[in-house]
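Q: Okay, so here is start.cif, and as you'll see once you scroll down, it has mmCIF, C-alpha atoms and all ligand atoms.
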data_final
#
loop_
_atom_site.group_PDB
_atom_site.id
_atom_site.type_symbol
_atom_site.label_atom_id
_atom_site.label_comp_id
_atom_site.auth_asym_id
_atom_site.auth_seq_id
_atom_site.Cartn_x
_atom_site.Cartn_y
_atom_site.Cartn_z
ATOM 1 C CA MET A 1 0.000 0.000 0.000
ATOM 2 C CA ASN A 2 1.997 2.923 -1.264
ATOM 3 C CA ILE A 3 -0.066 6.038 -1.368
ATOM 4 C CA ASP A 4 1.198 9.545 -1.930
ATOM 5 C CA GLN A 5 -0.502 11.335 0.927
ATOM 6 C CA SER A 6 0.102 14.753 -0.584
ATOM 7 C CA LYS A 7 -2.389 13.754 -3.304
ATOM 8 C CA ILE A 8 -5.227 13.332 -0.816
ATOM 9 C CA PRO A 9 -7.428 16.459 -0.917
ATOM 10 C CA GLN A 10 -7.658 18.398 2.317
ATOM 11 C CA ALA A 11 -11.412 17.940 2.622
ATOM 12 C CA THR A 12 -10.865 14.179 2.427
ATOM 13 C CA ALA A 13 -7.999 14.283 4.914
ATOM 14 C CA LYS A 14 -10.226 16.073 7.395
ATOM 15 C CA ARG A 15 -12.743 13.239 7.284
ATOM 16 C CA LEU A 16 -10.126 10.565 7.983
ATOM 17 C CA PRO A 17 -10.387 10.648 11.799
ATOM 18 C CA LEU A 18 -14.167 10.302 11.487
ATOM 19 C CA TYR A 19 -13.862 7.219 9.302
ATOM 20 C CA TYR A 20 -11.114 5.860 11.478
ATOM 21 C CA ARG A 21 -13.121 6.056 14.683
ATOM 22 C CA PHE A 22 -16.111 4.325 13.135
ATOM 23 C CA LEU A 23 -14.007 1.576 11.539
ATOM 24 C CA LYS A 24 -12.270 0.887 14.840
ATOM 25 C CA ASN A 25 -15.664 0.312 16.442
ATOM 26 C CA LEU A 26 -16.698 -1.954 13.587
ATOM 27 C CA HIS A 27 -13.490 -3.914 13.882
ATOM 28 C CA ALA A 28 -13.947 -4.254 17.651
ATOM 29 C CA SER A 29 -17.396 -5.691 17.079
ATOM 30 C CA GLY A 30 -15.926 -8.295 14.724
ATOM 31 C CA LYS A 31 -17.159 -6.934 11.397
ATOM 32 C CA GLN A 32 -14.937 -7.616 8.427
ATOM 33 C CA ARG A 33 -16.594 -5.603 5.729
ATOM 34 C CA VAL A 34 -18.690 -2.520 5.432
ATOM 35 C CA SER A 35 -20.673 -0.947 2.618
ATOM 36 C CA SER A 36 -20.459 2.714 1.697
ATOM 37 C CA ALA A 37 -24.175 3.015 2.550
ATOM 38 C CA GLU A 38 -23.577 1.725 6.096
ATOM 39 C CA LEU A 39 -20.620 4.048 6.503
ATOM 40 C CA SER A 40 -22.615 6.935 5.132
ATOM 41 C CA ASP A 41 -25.365 6.341 7.633
ATOM 42 C CA ALA A 42 -22.941 6.148 10.541
ATOM 43 C CA VAL A 43 -20.691 9.102 9.797
ATOM 44 C CA LYS A 44 -23.276 11.267 8.044
ATOM 45 C CA VAL A 45 -21.226 11.813 4.920
ATOM 46 C CA GLY A 46 -22.823 11.133 1.528
ATOM 47 C CA SER A 47 -21.978 7.715 0.086
ATOM 48 C CA ALA A 48 -20.716 9.227 -3.188
ATOM 49 C CA THR A 49 -18.272 11.324 -1.152
ATOM 50 C CA ILE A 50 -17.193 8.244 0.796
ATOM 51 C CA ARG A 51 -16.541 6.281 -2.388
ATOM 52 C CA ARG A 52 -14.510 9.166 -3.815
ATOM 53 C CA ASP A 53 -12.577 9.595 -0.542
ATOM 54 C CA PHE A 54 -11.790 5.900 -0.306
ATOM 55 C CA SER A 55 -10.591 5.736 -3.887
ATOM 56 C CA TYR A 56 -7.757 8.059 -2.832
ATOM 57 C CA PHE A 57 -6.663 5.428 -0.312
ATOM 58 C CA GLY A 58 -6.566 2.747 -2.969
ATOM 59 C CA ALA A 59 -9.606 1.151 -1.364
ATOM 60 C CA LEU A 60 -11.982 0.171 -4.102
ATOM 61 C CA GLY A 61 -15.191 -1.256 -2.731
ATOM 62 C CA LYS A 62 -16.616 -4.262 -4.510
ATOM 63 C CA LYS A 63 -20.260 -4.320 -5.444
ATOM 64 C CA GLY A 64 -22.161 -6.579 -3.090
ATOM 65 C CA TYR A 65 -19.142 -6.883 -0.810
ATOM 66 C CA GLY A 66 -18.243 -3.381 0.298
ATOM 67 C CA TYR A 67 -14.907 -2.454 1.827
ATOM 68 C CA ASN A 68 -12.513 -4.612 3.731
ATOM 69 C CA VAL A 69 -12.395 -3.245 7.275
ATOM 70 C CA ASP A 70 -8.874 -4.534 8.030
ATOM 71 C CA TYR A 71 -7.416 -2.963 4.915
ATOM 72 C CA LEU A 72 -8.952 0.400 5.714
ATOM 73 C CA LEU A 73 -7.878 0.262 9.347
ATOM 74 C CA THR A 74 -4.283 -0.477 8.416
ATOM 75 C CA PHE A 75 -4.334 2.441 6.044
ATOM 76 C CA PHE A 76 -5.825 4.850 8.572
ATOM 77 C CA ARG A 77 -3.469 3.778 11.318
ATOM 78 C CA LYS A 78 -0.519 4.452 9.046
ATOM 79 C CA THR A 79 -1.836 7.683 7.637
ATOM 80 C CA LEU A 80 -2.874 9.187 10.909
ATOM 81 C CA ASP A 81 0.377 8.144 12.580
ATOM 82 C CA GLN A 82 -1.547 6.393 15.283
ATOM 83 C CA ASP A 83 1.419 4.307 16.304
ATOM 84 C CA GLU A 84 3.228 7.378 17.478
ATOM 85 C CA MET A 85 2.190 9.524 20.415
ATOM 86 C CA THR A 86 1.896 13.197 19.506
ATOM 87 C CA ASN A 87 2.351 15.640 22.349
ATOM 88 C CA VAL A 88 0.128 18.668 22.414
ATOM 89 C CA MET A 89 0.267 21.730 24.659
ATOM 90 C CA LEU A 90 -2.680 23.818 25.705
ATOM 91 C CA ILE A 91 -2.480 27.524 26.386
ATOM 92 C CA GLY A 92 -5.212 29.214 28.409
ATOM 93 C CA VAL A 93 -6.758 27.139 31.185
ATOM 94 C CA GLY A 94 -10.148 28.931 31.325
ATOM 95 C CA ASN A 95 -13.507 27.193 31.025
ATOM 96 C CA LEU A 96 -12.850 25.770 27.594
ATOM 97 C CA GLY A 97 -9.201 24.922 28.251
ATOM 98 C CA THR A 98 -10.110 23.181 31.502
ATOM 99 C CA ALA A 99 -12.741 21.104 29.707
ATOM 100 C CA PHE A 100 -10.138 19.980 27.155
ATOM 101 C CA LEU A 101 -7.711 19.014 29.895
ATOM 102 C CA HIS A 102 -10.347 16.839 31.519
ATOM 103 C CA TYR A 103 -11.384 15.348 28.216
ATOM 104 C CA ASN A 104 -7.884 14.932 26.844
ATOM 105 C CA PHE A 105 -7.956 13.153 23.509
ATOM 106 C CA ILE A 106 -6.326 9.908 24.360
ATOM 107 C CA LYS A 107 -9.504 7.849 24.048
ATOM 108 C CA ASN A 108 -9.825 8.621 20.367
ATOM 109 C CA ASN A 109 -6.283 8.514 19.151
ATOM 110 C CA ASN A 110 -2.709 8.847 20.162
ATOM 111 C CA THR A 111 -2.557 12.528 20.845
ATOM 112 C CA LYS A 112 -2.122 13.733 24.350
ATOM 113 C CA ILE A 113 -2.095 17.125 26.008
ATOM 114 C CA SER A 114 1.085 16.843 28.007
ATOM 115 C CA MET A 115 1.323 20.340 29.461
ATOM 116 C CA ALA A 116 -0.741 23.493 29.841
ATOM 117 C CA PHE A 117 0.106 27.171 30.385
ATOM 118 C CA ASP A 118 -1.657 30.125 31.904
ATOM 119 C CA VAL A 119 -0.841 33.514 33.404
ATOM 120 C CA ASN A 120 -3.212 33.251 36.346
ATOM 121 C CA GLU A 121 -1.322 32.666 39.612
ATOM 122 C CA SER A 122 -4.145 30.585 41.052
ATOM 123 C CA LYS A 123 -3.894 28.104 38.181
ATOM 124 C CA ILE A 124 -0.111 27.922 37.815
ATOM 125 C CA GLY A 125 1.312 24.917 39.646
ATOM 126 C CA SER A 126 -1.956 23.014 39.642
ATOM 127 C CA GLU A 127 -2.728 19.821 37.791
ATOM 128 C CA ILE A 128 -5.950 19.411 35.842
ATOM 129 C CA GLY A 129 -6.974 16.051 34.427
ATOM 130 C CA GLY A 130 -3.431 14.867 35.182
ATOM 131 C CA VAL A 131 -1.905 17.678 33.099
ATOM 132 C CA PRO A 132 0.461 20.145 34.821
ATOM 133 C CA VAL A 133 -0.332 23.844 34.422
ATOM 134 C CA TYR A 134 2.792 26.005 34.091
ATOM 135 C CA ASP A 135 3.497 29.709 34.062
ATOM 136 C CA LEU A 136 3.299 31.064 30.516
ATOM 137 C CA ASP A 137 6.437 33.093 31.274
ATOM 138 C CA LYS A 138 8.289 29.768 31.387
ATOM 139 C CA LEU A 139 6.858 28.454 28.101
ATOM 140 C CA GLU A 140 10.213 28.217 26.345
ATOM 141 C CA GLU A 141 11.860 26.468 29.277
ATOM 142 C CA HIS A 142 9.231 23.730 29.616
ATOM 143 C CA VAL A 143 8.799 23.085 25.926
ATOM 144 C CA GLN A 144 12.527 22.756 25.409
ATOM 145 C CA GLU A 145 12.690 20.216 28.239
ATOM 146 C CA VAL A 146 10.294 17.905 26.386
ATOM 147 C CA GLY A 147 11.769 18.663 22.993
ATOM 148 C CA ASP A 148 8.969 17.719 20.698
ATOM 149 C CA ILE A 149 5.562 19.320 21.058
ATOM 150 C CA PRO A 150 4.413 19.955 17.508
ATOM 151 C CA VAL A 151 0.864 21.096 18.255
ATOM 152 C CA ALA A 152 -0.713 23.759 20.475
ATOM 153 C CA ILE A 153 -4.329 24.392 21.388
ATOM 154 C CA LEU A 154 -5.082 28.066 21.980
ATOM 155 C CA THR A 155 -7.884 28.834 24.432
ATOM 156 C CA VAL A 156 -6.732 32.266 25.596
ATOM 157 C CA PRO A 157 -8.537 35.600 25.180
ATOM 158 C CA ALA A 158 -8.267 36.810 21.566
ATOM 159 C CA VAL A 159 -6.037 39.765 22.469
ATOM 160 C CA ALA A 160 -3.316 37.438 23.716
ATOM 161 C CA ALA A 161 -3.419 35.040 20.771
ATOM 162 C CA GLN A 162 -0.977 36.629 18.303
ATOM 163 C CA SER A 163 1.870 37.265 20.701
ATOM 164 C CA ILE A 164 1.622 33.720 22.065
ATOM 165 C CA THR A 165 1.536 32.409 18.499
ATOM 166 C CA ASP A 166 4.755 34.285 17.687
ATOM 167 C CA ARG A 167 6.455 32.628 20.645
ATOM 168 C CA LEU A 168 5.174 29.207 19.615
ATOM 169 C CA ILE A 169 6.522 29.690 16.111
ATOM 170 C CA ALA A 170 9.920 30.625 17.503
ATOM 171 C CA LEU A 171 9.773 27.330 19.423
ATOM 172 C CA GLY A 172 9.225 25.354 16.225
ATOM 173 C CA ILE A 173 5.520 24.569 16.557
ATOM 174 C CA LYS A 174 3.967 23.007 13.434
ATOM 175 C CA GLY A 175 0.232 23.301 13.998
ATOM 176 C CA ILE A 176 -2.169 25.356 16.070
ATOM 177 C CA LEU A 177 -5.773 24.591 16.912
ATOM 178 C CA ASN A 178 -7.082 28.088 17.428
ATOM 179 C CA PHE A 179 -10.235 28.426 19.505
ATOM 180 C CA THR A 180 -9.917 32.196 19.803
ATOM 181 C CA PRO A 181 -11.770 34.455 17.366
ATOM 182 C CA ALA A 182 -8.424 36.078 16.443
ATOM 183 C CA ARG A 183 -7.152 35.566 12.899
ATOM 184 C CA LEU A 184 -3.512 34.685 13.333
ATOM 185 C CA ASN A 185 -0.641 35.765 11.121
ATOM 186 C CA VAL A 186 1.753 32.885 10.629
ATOM 187 C CA PRO A 187 4.374 31.848 8.095
ATOM 188 C CA GLU A 188 3.181 29.504 5.352
ATOM 189 C CA HIS A 189 4.688 26.360 6.812
ATOM 190 C CA ILE A 190 2.586 26.617 9.979
ATOM 191 C CA ARG A 191 -0.818 24.994 9.843
ATOM 192 C CA ILE A 192 -3.697 26.668 11.663
ATOM 193 C CA HIS A 193 -7.104 25.131 12.209
ATOM 194 C CA HIS A 194 -9.515 27.728 13.378
ATOM 195 C CA ILE A 195 -12.557 26.735 15.405
ATOM 196 C CA ASP A 196 -14.843 29.539 16.465
ATOM 197 C CA LEU A 197 -17.568 27.820 18.447
ATOM 198 C CA ALA A 198 -19.795 30.896 18.566
ATOM 199 C CA VAL A 199 -19.682 31.264 14.785
ATOM 200 C CA GLU A 200 -20.309 27.533 14.279
ATOM 201 C CA LEU A 201 -23.334 27.652 16.542
ATOM 202 C CA GLN A 202 -24.697 30.768 14.847
ATOM 203 C CA SER A 203 -24.241 29.317 11.411
ATOM 204 C CA LEU A 204 -25.959 26.078 12.446
ATOM 205 C CA VAL A 205 -28.964 28.039 13.708
ATOM 206 C CA TYR A 206 -28.939 30.120 10.527
ATOM 207 C CA PHE A 207 -28.935 27.014 8.327
ATOM 208 C CA LEU A 208 -31.734 25.436 10.299
ATOM 209 C CA LYS A 209 -33.813 28.550 9.764
ATOM 210 C CA HIS A 210 -33.073 29.092 6.093
ATOM 211 C CA TYR A 211 -32.270 25.776 4.479
ATOM 212 C CA SER A 212 -33.602 22.286 4.648
ATOM 213 C CA VAL A 213 -31.016 19.904 6.072
ATOM 214 C CA THR A 214 -29.380 17.388 3.745
ATOM 215 C CA GLN A 215 -26.906 14.635 4.539
ATOM 216 C CA GLU A 216 -24.542 15.436 1.692
ATOM 217 C CA ASP A 217 -21.534 17.529 2.749
HETATM 218 P P1 LIG B 301 -12.881 30.290 28.045
HETATM 219 O O1 LIG B 301 -12.980 31.223 26.866
HETATM 220 O O2 LIG B 301 -11.809 29.270 27.878
HETATM 221 O O3 LIG B 301 -14.159 29.730 28.518
HETATM 222 P P2 LIG B 301 -12.805 31.994 30.361
HETATM 223 O O4 LIG B 301 -14.013 32.763 30.054
HETATM 224 O O5 LIG B 301 -12.812 31.091 31.538
HETATM 225 O O6 LIG B 301 -12.264 31.159 29.161
HETATM 226 P P3 LIG B 301 -10.846 33.842 29.401
HETATM 227 O O7 LIG B 301 -10.845 35.244 29.910
HETATM 228 O O8 LIG B 301 -11.273 33.617 28.006
HETATM 229 O O9 LIG B 301 -11.601 32.969 30.480
HETATM 230 O O10 LIG B 301 -9.384 33.271 29.591
HETATM 231 C C1 LIG B 301 -9.061 31.955 29.300
HETATM 232 C C2 LIG B 301 -7.820 31.594 30.090
HETATM 233 O O11 LIG B 301 -6.690 32.243 29.519
HETATM 234 C C3 LIG B 301 -7.872 31.992 31.534
HETATM 235 O O12 LIG B 301 -7.476 30.904 32.349
HETATM 236 C C4 LIG B 301 -6.881 33.150 31.641
HETATM 237 O O13 LIG B 301 -6.215 33.147 32.897
HETATM 238 C C5 LIG B 301 -5.915 32.816 30.537
HETATM 239 N N1 LIG B 301 -5.223 33.985 30.003
HETATM 240 C C6 LIG B 301 -5.615 35.269 29.985
HETATM 241 N N2 LIG B 301 -4.686 36.049 29.392
HETATM 242 C C7 LIG B 301 -3.690 35.214 29.027
HETATM 243 C C8 LIG B 301 -2.438 35.395 28.401
HETATM 244 N N3 LIG B 301 -2.024 36.583 28.000
HETATM 245 N N4 LIG B 301 -1.689 34.310 28.232
HETATM 246 C C9 LIG B 301 -2.093 33.098 28.623
HETATM 247 N N5 LIG B 301 -3.247 32.854 29.232
HETATM 248 C C10 LIG B 301 -4.036 33.899 29.428
#
Give the structure from the file, written as structure tokens.
A:
Amino acid sequence: MNIDQSKIPQATAKRLPLYYRFLKNLHASGKQRVSSAELSDAVKVGSATIRRDFSYFGALGKKGYGYNVDYLLTFFRKTLDQDEMTNVMLIGVGNLGTAFLHYNFIKNNNTKISMAFDVNESKIGSEIGGVPVYDLDKLEEHVQEVGDIPVAILTVPAVAAQSITDRLIALGIKGILNFTPARLNVPEHIRIHHIDLAVELQSLVYFLKHYSVTQED
């Protein structure tokens, strides 16, 4: 299975964790094959989209048989680097940040928040969900101790986001999951995923009011 991952479209790549989670459950329940219709129903992505996505992975479903669950799982595990633990840091231990620390992401895949930072004295030195909270002033020190933390989650007030981002870039960060409404300026090689929960919620309500809901993405 030799697939050039740079050829996989970004929209497809974003759906990979969704497929992966569902296939893991299927595998755990002993299923060996799955049809695109079943998948579509479970992950709420149109079956035409699923077939197109899977063709990028070299997985060609057979009519009347569907897809081989083991083959797909092996592919996803490799593609999503699930064999390797990825360390993540979280900056801003407010309501949202605290929820993430409790949730951590270890149940779904091999990413783990290994340290958190804040400026609030009452939070510094504590441990939330097993994750130590450090003083943001000592960001560089702590990150350099661990060596490899390629991803940061930003849950700080918007005004603080850019200056923290600049420090993260200087530390060699590769990706940022930005929960602040701030639009961040970063060099091209840094990947930012921006999640504005308020905007998402508003747009959901807007769509419910103005459009009929369809399953196709
Ligand atoms: P949330 O938006 O996560 O629900 P909140 O309403 O509890 O947060 P915010 O004021 O948004 O609180 O702050 C989020 C967290 O970021 C707080 O723990 C706060 O101490 C921290 N914080 C504030 N300013 C900075 C900064 N400059 N650098 C790092 N952390 C900061």
Q: Applying 6 Å and all atoms listed in the file, which residues near segment 194-197 of chain A remain after dropping the ones on its own chain fewer than 5 positions away? List them as a PDB file with C-alpha atoms, in the coordinates of the input.
A:
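Output file part06.pdb is given in full below:
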ATOM      1  CA  ASN A 178      -7.082  28.088  17.428  1.00  0.00           C
ATOM      2  CA  PHE A 179     -10.235  28.426  19.505  1.00  0.00           C
ATOM      3  CA  PRO A 181     -11.770  34.455  17.366  1.00  0.00           C
TER       4      PRO A 181
END
Q: Can you tell me which residues come within 8 Å of ligand LIG 301 (chain B) when counting all atoms listed in the file, ideally as a ChimeraX atom specification?
A: /A:91-98,117-120,123,136,155-161,164,180
Q: By how many Å are atom CA of Ala48 of chain A and atom CA of Tyr206 of chain A apart?
A: 26.3 Å
Q: Residues of segment 47-156 of chain A within 10 Å of segment 10-17 of chain A: nearest atom pair and distance (Å, one decimal) for each, counting only C-alpha atoms, sorted by chain and number, as CSV?
A:
residue,atom,partner,partner_atom,distance
A:Thr49,CA,A:Thr12,CA,8.7
A:Ile50,CA,A:Thr12,CA,8.8
A:Arg52,CA,A:Thr12,CA,8.8
A:Asp53,CA,A:Thr12,CA,5.7
A:Phe54,CA,A:Thr12,CA,8.8
A:Tyr56,CA,A:Thr12,CA,8.6
A:Phe76,CA,A:Leu16,CA,7.2
A:Arg77,CA,A:Pro17,CA,9.8
A:Thr79,CA,A:Leu16,CA,8.8
A:Leu80,CA,A:Pro17,CA,7.7
A:Asn108,CA,A:Pro17,CA,8.8
A:Asn109,CA,A:Pro17,CA,8.7
Q: Interatomic distance between atom CA of Gly130 of chain A and atom CA of Leu101 of chain A?
A: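 A separation of 8.0 Å between them.
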Q: Which residue out of A:Asp41, A:Asp148, A:Glu200, A:Glu188 has the minimum interatomic distance to Ile173 of chain A when all atoms listed in the file are used?
A: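 Closest candidate: A:Asp148.
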Q: Neighbouring residues of Ile190 of chain A were defined as those with any atom within 12 Å, considering all atoms listed in the file; residues of the same chain fewer than 6 positions away were excluded. Please report them as a VMD selection string.
A: chain A and resid 150 to 152 165 to 166 168 to 177 184
Q: Leu23 of chain A: which residues within 9 Å, counting all atoms listed in the file, same-chain residues fewer than 4 positions away excluded, as JSON, numbers by chain?
A: {"A": [18, 19, 27, 28, 34, 39, 69, 70, 72, 73]}
Q: Keeping only C-alpha atoms, write those residues as a CSV table (one decimal), in the frame of the given file.
A:
chain,number,residue,atom,x,y,z
A,18,LEU,CA,-14.2,10.3,11.5
A,19,TYR,CA,-13.9,7.2,9.3
A,27,HIS,CA,-13.5,-3.9,13.9
A,28,ALA,CA,-13.9,-4.3,17.7
A,34,VAL,CA,-18.7,-2.5,5.4
A,39,LEU,CA,-20.6,4.0,6.5
A,69,VAL,CA,-12.4,-3.2,7.3
A,70,ASP,CA,-8.9,-4.5,8.0
A,72,LEU,CA,-9.0,0.4,5.7
A,73,LEU,CA,-7.9,0.3,9.3
Q: Could you tell me how far atom CA of Val43 of chain A lies from atom CA of Phe57 of chain A, in Å and to one decimal?
A: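 Answer for the atom CA of Val43 of chain A to atom CA of Phe57 of chain A separation: 17.7 Å.
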Q: Measuring atom to atom with all atoms listed in the file, identify which of A:Leu26, A:Ile8, A:Ala198, A:Met89 is nearest to Glu140 of chain A.
A: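 Checking each candidate against Glu140 of chain A, we get A:Met89 as the closest.
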